[in-house]
$ cat coords.txt   # compact mmCIF, C-alpha atoms
# COMPACT_ATOMS: atom_id res chain seq x y z
CA MET R 61 -35.73 18.52 10.18
CA LYS R 62 -35.58 16.37 7.02
CA LEU R 63 -39.13 17.31 5.95
CA THR R 64 -39.06 20.98 6.93
CA GLY R 65 -35.60 21.57 5.42
CA ASP R 66 -32.05 22.38 6.43
CA PRO R 67 -31.79 25.81 8.16
CA SER R 68 -28.65 26.54 6.14
CA VAL R 69 -30.66 26.12 2.90
CA PHE R 70 -34.23 27.21 3.74
CA PRO R 71 -35.05 30.49 5.52
CA LEU R 72 -37.31 30.46 8.57
CA GLU R 73 -40.56 31.33 6.73
CA TYR R 74 -40.00 28.52 4.21
CA ARG R 75 -39.43 25.97 6.97
CA ILE R 76 -42.61 27.20 8.66
CA PHE R 77 -44.53 26.65 5.40
CA HIS R 78 -43.24 23.09 5.17
CA ALA R 79 -44.20 22.45 8.79
CA LEU R 80 -47.69 23.89 8.17
CA CYS R 81 -48.17 21.65 5.16
CA ILE R 82 -47.30 18.61 7.30
CA VAL R 83 -49.65 19.72 10.09
CA MET R 84 -52.48 20.41 7.60
CA ILE R 85 -52.04 17.00 5.94
CA ILE R 86 -52.41 15.37 9.36
CA ALA R 87 -55.40 17.62 10.16
CA MET R 88 -57.13 16.66 6.90
CA MET R 89 -56.54 12.97 7.62
CA ILE R 90 -58.31 13.45 10.96
CA THR R 91 -61.12 15.58 9.50
CA ILE R 92 -62.02 13.17 6.70
CA PRO R 93 -63.36 10.37 8.96
CA VAL R 94 -65.15 12.95 11.16
CA ASN R 95 -67.01 14.27 8.09
CA LEU R 96 -67.80 10.75 6.94
CA ILE R 97 -69.25 9.89 10.37
CA ILE R 98 -71.63 12.87 10.21
CA SER R 99 -72.39 12.20 6.51
CA GLU R 100 -70.71 15.38 5.22
CA TRP R 101 -69.66 13.70 1.95
CA VAL R 102 -68.75 16.87 0.07
CA ALA R 103 -66.75 18.25 3.01
CA ALA R 104 -64.91 14.94 3.28
CA GLY R 105 -64.12 15.07 -0.43
CA LEU R 106 -62.87 18.65 -0.15
CA CYS R 107 -60.65 17.58 2.76
CA VAL R 108 -59.17 14.86 0.53
CA VAL R 109 -58.49 17.46 -2.19
CA ALA R 110 -57.01 19.87 0.38
CA GLY R 111 -54.74 17.14 1.79
CA CYS R 112 -53.49 16.33 -1.72
CA VAL R 113 -52.90 20.04 -2.42
CA PHE R 114 -50.78 20.41 0.73
CA ALA R 115 -48.83 17.21 -0.04
CA PHE R 116 -48.17 18.28 -3.65
CA PHE R 117 -46.95 21.75 -2.81
CA LEU R 118 -44.90 20.47 0.14
CA TYR R 119 -43.05 18.18 -2.27
CA ARG R 120 -42.79 20.93 -4.90
CA SER R 121 -41.38 23.41 -2.38
CA ARG R 122 -39.17 21.14 -0.25
CA PHE R 123 -37.65 18.99 -2.99
CA GLY R 124 -38.39 21.00 -6.13
CA GLY R 125 -37.03 24.28 -4.79
CA LYS R 126 -40.08 26.26 -5.98
CA VAL R 127 -41.02 27.72 -2.63
CA ARG R 128 -42.52 31.13 -3.41
CA GLY R 129 -44.82 29.80 -6.12
CA SER R 130 -45.88 26.90 -3.92
CA ILE R 131 -46.81 29.22 -1.05
CA PHE R 132 -48.87 31.47 -3.30
CA MET R 133 -50.72 28.60 -5.04
CA THR R 134 -51.41 26.83 -1.73
CA ALA R 135 -52.93 30.00 -0.23
CA LEU R 136 -55.01 30.64 -3.35
CA ILE R 137 -56.34 27.07 -3.68
CA CYS R 138 -57.11 26.81 0.04
CA ASN R 139 -59.22 29.99 -0.09
CA ALA R 140 -61.09 28.58 -3.06
CA LEU R 141 -61.70 25.23 -1.31
CA PHE R 142 -62.90 26.92 1.87
CA PHE R 143 -65.22 29.12 -0.22
CA VAL R 144 -66.76 26.07 -1.87
CA ASN R 145 -66.94 24.17 1.44
CA TYR R 146 -69.01 27.03 2.90
CA PHE R 147 -71.90 26.23 0.57
CA TYR R 148 -71.75 22.45 1.17
CA ASN R 149 -71.20 22.48 4.92
CA SER R 150 -74.18 24.43 6.29
CA GLY R 151 -72.71 27.92 5.80
CA ILE R 152 -72.68 30.09 8.91
CA SER R 153 -74.22 27.27 10.93
CA GLY R 154 -71.10 25.15 10.44
CA PRO R 155 -67.49 25.76 11.44
CA ASN R 156 -66.64 27.63 8.24
CA ASP R 157 -65.99 31.05 9.82
CA VAL R 158 -63.51 29.48 12.23
CA VAL R 159 -61.82 27.68 9.31
CA PHE R 160 -61.63 30.90 7.31
CA ALA R 161 -60.04 32.78 10.23
CA LEU R 162 -57.59 29.91 10.66
CA SER R 163 -56.67 30.04 6.98
CA LEU R 164 -55.75 33.75 7.25
CA TYR R 165 -53.73 33.00 10.39
CA LEU R 166 -51.72 30.36 8.54
CA ILE R 167 -51.29 32.44 5.38
CA VAL R 168 -49.87 35.37 7.35
CA PHE R 169 -47.21 33.05 8.82
CA VAL R 170 -45.77 31.95 5.48
CA THR R 171 -46.31 34.80 3.02
CA PRO R 172 -44.07 37.89 2.69
CA LYS R 173 -45.04 40.90 4.82
CA LYS R 174 -45.90 43.03 1.81
CA GLN R 175 -48.62 40.51 0.82
CA HIS R 176 -50.35 40.37 4.22
CA LYS R 177 -52.76 43.25 3.60
CA TYR R 178 -53.81 41.74 0.26
CA TRP R 179 -54.56 38.33 1.78
CA LEU R 180 -56.41 40.04 4.62
CA GLY R 181 -58.54 41.84 2.03
CA VAL R 182 -59.20 38.60 0.14
CA ASN R 183 -60.21 36.81 3.33
CA VAL R 184 -62.56 39.55 4.52
CA ILE R 185 -64.15 40.02 1.08
CA LEU R 186 -64.77 36.28 0.63
CA LEU R 187 -66.28 35.97 4.13
CA LEU R 188 -68.58 38.95 3.61
CA ALA R 189 -69.55 37.66 0.19
CA MET R 190 -70.46 34.24 1.58
CA HIS R 191 -72.50 35.76 4.41
CA LEU R 192 -74.37 38.12 2.03
CA ILE R 193 -75.10 35.31 -0.39
CA GLU R 194 -76.45 33.14 2.42
CA TYR R 195 -78.44 36.06 3.85
CA TYR R 196 -80.14 37.01 0.57
CA TYR R 197 -80.18 33.56 -1.04
CA PRO R 198 -80.49 31.06 1.83
CA LYS R 199 -81.46 28.23 -0.50
CA LEU R 200 -77.94 28.28 -1.97
CA VAL R 201 -76.57 27.25 1.44
CA PRO R 202 -78.48 24.17 2.60
CA TYR R 203 -78.40 22.92 6.18
CA THR R 204 -76.61 19.58 5.81
CA TYR R 205 -76.57 18.24 9.36
CA LEU R 206 -78.83 15.24 9.87
CA SER R 207 -79.01 15.73 13.62
CA ARG R 208 -78.18 18.22 16.32
CA SER R 209 -75.32 16.03 17.54
CA ASP R 210 -73.73 16.03 14.05
CA ARG R 211 -73.46 19.81 14.15
CA PHE R 212 -71.93 19.77 17.64
CA ILE R 213 -69.41 17.11 16.56
CA ASP R 214 -68.46 19.06 13.42
CA VAL R 215 -68.08 22.44 15.14
CA THR R 216 -66.28 20.99 18.15
CA SER R 217 -63.87 18.92 16.01
CA ALA R 218 -63.16 21.97 13.81
CA TYR R 219 -62.32 23.99 16.91
CA MET R 220 -60.12 21.24 18.36
CA ILE R 221 -58.23 20.80 15.09
CA GLY R 222 -57.89 24.57 14.70
CA VAL R 223 -56.50 24.94 18.23
CA LEU R 224 -54.03 22.09 17.66
CA ILE R 225 -52.88 23.62 14.38
CA MET R 226 -52.36 26.98 16.07
CA TYR R 227 -50.52 25.34 18.98
CA PHE R 228 -48.13 23.33 16.79
CA THR R 229 -47.65 26.29 14.45
CA ILE R 230 -46.68 28.65 17.25
CA LYS R 231 -44.53 25.95 18.87
CA ASN R 232 -42.73 25.32 15.57
CA VAL R 233 -42.21 29.05 15.04
CA ARG R 234 -40.89 29.43 18.58
CA ASN R 235 -38.52 26.47 18.20
CA ASN R 236 -37.22 27.81 14.90
CA TYR R 237 -36.88 31.26 16.40
CA ASP R 238 -34.90 29.88 19.34
CA PHE R 239 -32.73 27.89 16.93
CA GLU R 240 -32.05 30.97 14.81
CA ARG R 241 -31.35 33.03 17.93
CA LEU R 242 -28.85 30.46 19.20
CA GLN R 243 -27.14 30.43 15.82
CA VAL R 244 -26.92 34.22 15.83
CA GLU R 245 -25.56 34.14 19.39
CA GLU R 246 -22.93 31.54 18.42
CA LYS R 247 -21.95 33.61 15.40
CA ARG R 248 -21.75 36.69 17.61
CA LYS R 249 -19.48 34.83 20.02
CA ASP R 250 -17.32 33.60 17.14
CA ILE R 251 -17.05 37.14 15.80
CA GLU R 252 -16.22 38.43 19.28
CA GLN R 253 -13.52 35.76 19.68
CA GLN R 254 -12.09 36.62 16.27
CA HIS R 255 -12.18 40.29 17.23
CA GLN R 256 -10.32 39.58 20.48
CA PHE R 257 -7.82 37.41 18.59
CA ILE R 258 -7.22 40.20 16.08
CA LEU R 259 -6.78 42.72 18.91
CA ALA R 260 -4.30 40.39 20.61
CA GLN R 261 -2.43 39.96 17.34
CA ASN R 262 -2.33 43.71 16.80
CA GLU R 263 -1.08 44.21 20.35
CA GLN R 264 1.57 41.55 19.80
CA LEU R 265 2.62 43.14 16.51
CA GLU R 266 2.85 46.54 18.19
CA HIS R 267 4.96 44.99 20.95
CA ILE R 268 7.25 43.30 18.40
CA ASN R 269 7.55 46.53 16.43
CA SER R 270 8.37 48.43 19.62
CA GLU R 271 11.02 45.88 20.53
CA LYS R 272 12.46 46.06 17.03
CA ASN R 273 12.69 49.86 17.24
CA LYS R 274 14.26 49.61 20.69
CA LEU R 275 16.78 47.06 19.42
CA MET R 276 17.70 49.19 16.43
CA SER R 277 18.11 52.19 18.72
CA ILE R 278 20.39 50.18 21.02
CA ILE R 279 22.53 48.96 18.15
CA ALA R 280 22.80 52.41 16.57
CA HIS R 281 23.66 54.09 19.85
CA ASP R 282 25.96 51.54 21.43
CA LEU R 283 27.98 50.63 18.33
CA ARG R 284 28.61 54.21 17.31
CA GLY R 285 30.69 55.00 20.41
CA PRO R 286 33.23 52.14 20.21
CA LEU R 287 33.66 52.48 16.45
CA SER R 288 34.14 56.23 16.83
CA ASN R 289 36.84 55.62 19.46
CA ILE R 290 38.67 53.20 17.18
CA GLN R 291 38.43 55.68 14.32
CA ASN R 292 39.79 58.50 16.49
CA TYR R 293 42.68 56.30 17.68
CA LEU R 294 43.67 55.39 14.13
CA GLU R 295 43.48 59.05 13.10
CA LEU R 296 45.71 60.06 16.02
CA VAL R 297 48.26 57.36 15.22
CA GLY R 298 48.26 58.21 11.53
CA GLU R 299 48.35 61.97 11.88
CA TYR R 300 50.35 62.73 15.02
CA GLY R 301 51.87 59.53 16.28
CA LEU R 302 51.80 58.55 19.96
CA ASP R 303 54.58 57.70 22.36
CA LYS R 304 54.65 54.32 24.09
CA GLU R 305 52.90 55.38 27.29
CA GLU R 306 50.11 57.22 25.46
CA ARG R 307 49.67 54.28 23.10
CA GLU R 308 49.37 51.82 26.02
CA VAL R 309 46.74 53.95 27.77
CA VAL R 310 44.65 54.37 24.62
CA GLU R 311 45.01 50.73 23.63
CA SER R 312 43.98 49.62 27.13
CA ASP R 313 40.85 51.76 26.92
CA LEU R 314 40.11 50.52 23.40
CA LEU R 315 40.57 46.91 24.49
CA ARG R 316 38.09 47.40 27.32
CA VAL R 317 35.58 49.12 25.02
CA THR R 318 36.02 46.44 22.35
CA GLN R 319 35.48 43.63 24.86
CA SER R 320 32.34 45.34 26.11
CA THR R 321 31.14 45.80 22.52
CA LEU R 322 31.79 42.13 21.69
CA ASN R 323 29.86 41.11 24.81
CA MET R 324 27.02 43.39 23.73
CA LEU R 325 26.99 41.94 20.20
CA SER R 326 27.02 38.43 21.61
CA LYS R 327 23.91 39.18 23.70
CA LEU R 328 22.23 40.86 20.73
CA LEU R 329 22.85 37.85 18.51
CA ILE R 330 21.64 35.37 21.13
CA TRP R 331 18.50 37.40 21.84
CA SER R 332 17.77 38.01 18.13
CA LYS R 333 18.17 34.32 17.35
CA SER R 334 15.85 33.36 20.20
CA GLN R 335 13.22 35.79 18.88
CA MET R 336 13.45 34.70 15.23
CA ASP R 337 14.13 30.97 15.38
CA GLY R 338 13.06 30.05 18.87
CA VAL R 339 15.25 28.26 21.35
CA VAL R 340 15.59 24.49 21.56
CA VAL R 341 15.53 23.53 25.23
CA LYS R 342 17.20 20.24 26.18
CA LEU R 343 16.14 19.50 29.73
CA SER R 344 17.93 16.87 31.79
CA ASP R 345 18.52 15.90 35.38
CA MET R 346 21.87 17.36 36.44
CA ARG R 347 24.03 17.96 39.49
CA LEU R 348 23.85 21.72 40.08
CA ASN R 349 27.29 22.03 41.67
CA GLU R 350 29.04 20.33 38.75
CA THR R 351 27.10 22.40 36.20
CA LEU R 352 27.90 25.82 37.69
CA LYS R 353 31.40 25.24 39.07
CA ASN R 354 33.42 26.23 35.98
CA THR R 355 31.16 29.20 35.25
CA LEU R 356 31.49 30.55 38.79
CA GLU R 357 35.27 30.03 38.81
CA MET R 358 35.60 32.08 35.61
CA GLU R 359 33.45 34.83 37.12
CA ARG R 360 35.61 34.76 40.27
CA ILE R 361 38.65 35.57 38.11
CA MET R 362 36.76 38.47 36.47
CA ALA R 363 35.69 39.73 39.91
CA SER R 364 39.25 39.65 41.23
CA LYS R 365 40.35 42.02 38.45
CA LYS R 366 37.97 44.59 39.98
CA ASP R 367 39.13 43.72 43.50
CA ILE R 368 35.73 42.16 44.25
CA GLU R 369 35.37 39.06 46.38
CA LEU R 370 33.11 36.43 44.79
CA THR R 371 32.10 33.52 47.02
CA TYR R 372 29.77 30.66 46.25
CA GLU R 373 28.33 27.71 48.10
CA VAL R 374 26.33 25.21 46.05
CA ASP R 375 25.07 22.11 47.84
CA PRO R 376 26.65 19.14 45.99
CA ALA R 377 23.58 17.01 46.71
CA ILE R 378 21.15 19.23 44.78
CA ASN R 379 19.89 17.96 41.43
CA VAL R 380 17.80 20.19 39.12
CA VAL R 381 16.00 19.72 35.82
CA ALA R 382 17.45 22.26 33.38
CA ASP R 383 19.28 22.89 30.13
CA SER R 384 22.95 23.01 31.10
CA ASP R 385 24.04 25.66 28.58
CA MET R 386 21.03 27.90 29.22
CA LEU R 387 21.33 27.68 33.00
CA GLN R 388 25.03 28.57 32.83
CA LEU R 389 24.24 31.53 30.55
CA VAL R 390 21.61 32.81 32.97
CA VAL R 391 23.86 32.50 36.04
CA ARG R 392 26.83 33.97 34.16
CA ASN R 393 24.80 37.02 33.08
CA ILE R 394 23.45 37.74 36.55
CA VAL R 395 26.82 37.24 38.25
CA SER R 396 28.46 39.47 35.62
CA ASN R 397 25.87 42.16 36.31
CA ALA R 398 26.54 41.88 40.06
CA ILE R 399 30.27 42.34 39.41
CA LYS R 400 29.59 45.19 37.01
CA PHE R 401 27.59 47.24 39.51
CA THR R 402 29.68 46.45 42.58
CA PRO R 403 32.56 48.80 43.40
CA ALA R 404 36.12 47.69 44.15
CA GLY R 405 36.35 46.10 47.56
CA GLY R 406 32.77 44.87 47.32
CA LYS R 407 31.39 41.37 47.58
CA VAL R 408 29.24 39.04 45.47
CA ASP R 409 27.82 35.88 47.03
CA VAL R 410 26.14 32.92 45.27
CA SER R 411 24.14 30.50 47.43
CA THR R 412 21.47 27.83 47.06
CA ARG R 413 18.48 26.76 49.11
CA LEU R 414 15.73 24.15 48.77
CA ILE R 415 12.19 25.58 48.91
CA ASN R 416 9.36 23.07 48.43
CA ASN R 417 10.02 21.38 45.07
CA GLU R 418 12.38 24.07 43.82
CA CYS R 419 16.00 25.05 44.18
CA ARG R 420 16.57 28.76 44.72
CA ILE R 421 19.88 30.09 43.38
CA SER R 422 20.57 33.51 44.93
CA ILE R 423 23.15 35.99 43.62
CA ALA R 424 23.61 38.83 46.12
CA ASP R 425 25.88 41.88 45.91
CA ASN R 426 26.53 45.00 48.00
CA GLY R 427 26.79 47.31 45.01
CA ARG R 428 24.86 50.42 44.00
CA GLY R 429 21.47 48.66 43.77
CA ILE R 430 18.62 49.53 41.39
CA ALA R 431 16.59 52.73 41.55
CA TYR R 432 12.99 52.12 42.59
CA GLU R 433 11.58 53.81 39.48
CA GLN R 434 13.58 51.41 37.26
CA GLN R 435 12.73 48.16 39.03
CA GLY R 436 9.40 47.62 37.23
CA ASP R 437 11.12 47.58 33.81
CA MET R 438 14.11 45.39 34.63
CA PHE R 439 12.99 42.39 32.53
CA THR R 440 11.79 44.42 29.53
CA LEU R 441 13.30 46.41 26.69
CA LYS R 442 12.26 49.54 28.56
CA ALA R 443 15.16 48.96 30.95
CA ARG R 444 17.83 51.60 30.44
CA SER R 445 21.40 50.53 29.84
CA THR R 446 23.72 52.02 32.47
CA PHE R 447 27.45 52.14 33.07
CA GLY R 448 29.03 49.91 35.71
CA THR R 449 31.23 51.06 38.55
CA ALA R 450 34.26 50.85 36.23
CA ASN R 451 32.38 52.46 33.33
CA GLU R 452 31.46 49.06 31.82
CA LYS R 453 28.78 49.53 29.15
CA GLY R 454 25.77 47.24 28.96
CA VAL R 455 23.15 46.69 26.29
CA GLY R 456 20.03 46.22 28.40
CA LEU R 457 19.32 42.74 27.04
CA GLY R 458 21.01 40.55 29.67
CA LEU R 459 18.07 40.33 32.06
CA ILE R 460 15.59 39.81 29.21
CA LEU R 461 17.60 36.80 28.10
CA CYS R 462 17.81 35.55 31.68
CA LYS R 463 14.05 35.78 32.20
CA GLU R 464 13.13 34.15 28.87
CA PHE R 465 15.69 31.35 29.19
CA THR R 466 14.75 30.62 32.81
CA GLU R 467 11.03 30.38 32.00
CA GLN R 468 11.73 28.16 28.99
CA GLN R 469 13.38 25.71 31.38
CA GLY R 470 10.31 25.68 33.61
CA GLY R 471 11.79 28.04 36.18
CA ARG R 472 11.26 31.63 37.22
CA ILE R 473 13.34 34.63 38.22
CA SER R 474 12.87 37.53 40.62
CA PHE R 475 14.90 40.15 42.42
CA GLU R 476 14.94 42.54 45.35
CA SER R 477 17.04 45.67 45.56
CA ILE R 478 17.62 48.64 47.83
CA PRO R 479 19.33 51.58 46.12
CA GLY R 480 22.78 52.11 47.60
CA HIS R 481 22.76 48.77 49.45
CA GLY R 482 22.91 46.21 46.65
CA SER R 483 20.67 43.69 44.90
CA THR R 484 19.77 40.02 45.18
CA PHE R 485 18.52 38.01 42.20
CA HIS R 486 16.77 34.67 42.74
CA ILE R 487 16.61 31.91 40.14
CA PHE R 488 14.09 29.16 40.95
CA MET R 489 14.58 25.83 39.14
CA PRO R 490 12.56 22.58 39.52
CA LEU R 491 14.31 19.84 41.44
CA GLY R 492 15.44 16.68 39.71

$ encode --input "coords.txt" --output "structure tokens"
Amino acid sequence: MKLTGDPSVFPLEYRIFHALCIVMIIAMMITIPVNLIISEWVAAGLCVVAGCVFAFFLYRSRFGGKVRGSIFMTALICNALFFVNYFYNSGISGPNDVVFALSLYLIVFVTPKKQHKYWLGVNVILLLAMHLIEYYYPKLVPYTYLSRSDRFIDVTSAYMIGVLIMYFTIKNVRNNYDFERLQVEEKRKDIEQQHQFILAQNEQLEHINSEKNKLMSIIAHDLRGPLSNIQNYLELVGEYGLDKEEREVVESDLLRVTQSTLNMLSKLLIWSKSQMDGVVVKLSDMRLNETLKNTLEMERIMASKKDIELTYEVDPAINVVADSDMLQLVVRNIVSNAIKFTPAGGKVDVSTRLINNECRISIADNGRGIAYEQQGDMFTLKARSTFGTANEKGVGLGLILCKEFTEQQGGRISFESIPGHGSTFHIFMPLG
């Protein structure tokens, strides 16, 4: 890797050129002693020159940054050396044709595609020229082998070296190709992951924008009514005056509407704060009965005003891991909803049960229940706000808060409901 070059700096064809130079230097080092053994002094000298040429241009390309010029000069000088070697190494009787074919093979690997046809033309013209010269002027190409065995050694060694060069060249190209392919695949995966991340972000932004629009719609719709009632009351008092009985009726209605509006605003503020700032959860091991007792007693008083019986039975031995304030808020919201949708004379029951490593808090009522078509949206902003049995107005955020706060404590929430027969909500909390 250090000699061929960093893939992030050198393109594939440049790294192949560097690898070829290294292979050819090694090949020349092997060929020199073979030529000396068979007394091919000129061929040995040309191999020395060729080895130096490859070493020089390898250094010039790899460390000097002059790659294109080095490739061109190497190809040109090698053709010239092989041309000269033809006349000092027995011409067509030696391995020169094989060497010439090998030179074209190597040149095609490292030169730009647009140059391939020119180098092919040069190679063919030089080979034909050498053959014609030897054919018409045989004395210019002397037979330099001293024995029959020398020729066999020279031709065989040339073939072996040529095959090894081709093998290592193709292997190097294949390795580089696989490396490049893996890099492209990794980049493709990175791009795909970024694409999925962007899609998820867009989906999240669309969801946030939808929730914001829903929230604004809720605020605009649900605040307009109470404020309009207050305005109408003040106009009636100012313009016509009301007797005591009429005033008490209107004020009682306004008080109920104002309380409902304050409750709605309280939920809006809590939910908005949880969305913008996040909620800090302070988990601790607590006695469930002691945590919920005051909350359930307050809800019992509220239920009695609607002539609803609220009963609860919380095992005093149960300990849960929860945030005290958040757990009370969740239970208070669900119990308030049960009271809201239960008619006078109805019943709301709160009970607990141990299931595996969880405590299940169940809030059951025998009220109007939830329509089947609405049950899938109960914990989302798609849930429609409806009036209670005494015309109590909700905001549609209570159950969203309950679900988010329960999950942030490590718990979960579910429900089951039969329209006309009531609902049961289950809060599952981890045991302490």

$ residues_around --input "coords.txt" --residues "R:Met386" --least-positions-apart "4" --cutoff "9 Å" --atoms "all atoms listed in the file" --output "list in words"
Val341, Ala382, Val390, Val391, Cys462, Phe465, Thr466 and Gln469 of chain R

$ closest_residue --input "coords.txt" --among "R:Arg75, R:His481, R:Lys247, R:Lys174" --to "R:Asn235" --atoms "all atoms listed in the file"
R:Arg75

$ residues_around --input "coords.txt" --residues "R:Gly470" --least-positions-apart "2" --cutoff "12 Å" --atoms "all atoms listed in the file" --output "PyMOL selection string"
chain R and resi 341-344+380-383+386-387+418+463-468+472-473+487-491

$ atom_distance --input "coords.txt" --atom1 "atom CA of R:Ala87" --atom2 "atom CA of R:Ser217"
10.4 Å

$ atom_distance --input "coords.txt" --atom1 "atom CA of R:His486" --atom2 "atom CA of R:Ser474"
5.3 Å

$ closest_residue --input "coords.txt" --among "R:Ser207, R:Thr64, R:Ser477, R:Ser396" --to "R:His78" --atoms "all atoms listed in the file"
R:Thr64

$ closest_residue --input "coords.txt" --among "R:Lys249, R:Cys138, R:Tyr74, R:Gly105" --to "R:Lys126" --atoms "all atoms listed in the file"
R:Tyr74

$ residues_around --input "coords.txt" --residues "R:Ser483" --least-positions-apart "2" --cutoff "6 Å" --atoms "all atoms listed in the file" --output "PyMOL selection string"
chain R and resi 424-425+429+476-477

$ residues_around --input "coords.txt" --residues "R:Ile423" --least-positions-apart "4" --cutoff "8 Å" --atoms "only C-alpha atoms" --output "mmCIF file with C-alpha atoms, in the coordinates of the input"
data_model
loop_
_atom_site.group_PDB
_atom_site.id
_atom_site.type_symbol
_atom_site.label_atom_id
_atom_site.label_comp_id
_atom_site.auth_asym_id
_atom_site.auth_seq_id
_atom_site.Cartn_x
_atom_site.Cartn_y
_atom_site.Cartn_z
ATOM 1 C CA ILE R 394 23.450 37.740 36.550
ATOM 2 C CA VAL R 395 26.820 37.240 38.250
ATOM 3 C CA ALA R 398 26.540 41.880 40.060
ATOM 4 C CA VAL R 408 29.240 39.040 45.470
ATOM 5 C CA ASP R 409 27.820 35.880 47.030
ATOM 6 C CA VAL R 410 26.140 32.920 45.270
ATOM 7 C CA SER R 411 24.140 30.500 47.430
ATOM 8 C CA THR R 484 19.770 40.020 45.180
ATOM 9 C CA PHE R 485 18.520 38.010 42.200
ATOM 10 C CA HIS R 486 16.770 34.670 42.740
#

$ closest_residue --input "coords.txt" --among "R:Thr229, R:Thr171, R:Ser150, R:Thr402" --to "R:Lys199" --atoms "only C-alpha atoms"
R:Ser150

$ atom_distance --input "coords.txt" --atom1 "atom CA of R:Tyr165" --atom2 "atom CA of R:Met133"
16.3 Å

$ axis_aligned_box --input "coords.txt" --around "stretch 97-103 of chain R" --padding-each-side "5 Å" --output "AutoDock Vina command-line options"
--center_x -69.6 --center_y 14.1 --center_z 5.2 --size_x 15.6 --size_y 18.4 --size_z 20.3

$ residues_around --input "coords.txt" --residues "R:Ile98" --least-positions-apart "6" --cutoff "12 Å" --atoms "only C-alpha atoms" --output "list in words"
Thr91, Ile92, Ala104, Asn149, Thr204, Tyr205, Leu206, Ser207, Arg208, Ser209, Asp210, Arg211, Phe212, Ile213, Asp214, Val215 and Ser217 of chain R

$ closest_residue --input "coords.txt" --among "R:Met220, R:Val182, R:Leu461, R:Ile478" --to "R:Gln435" --atoms "all atoms listed in the file"
R:Ile478
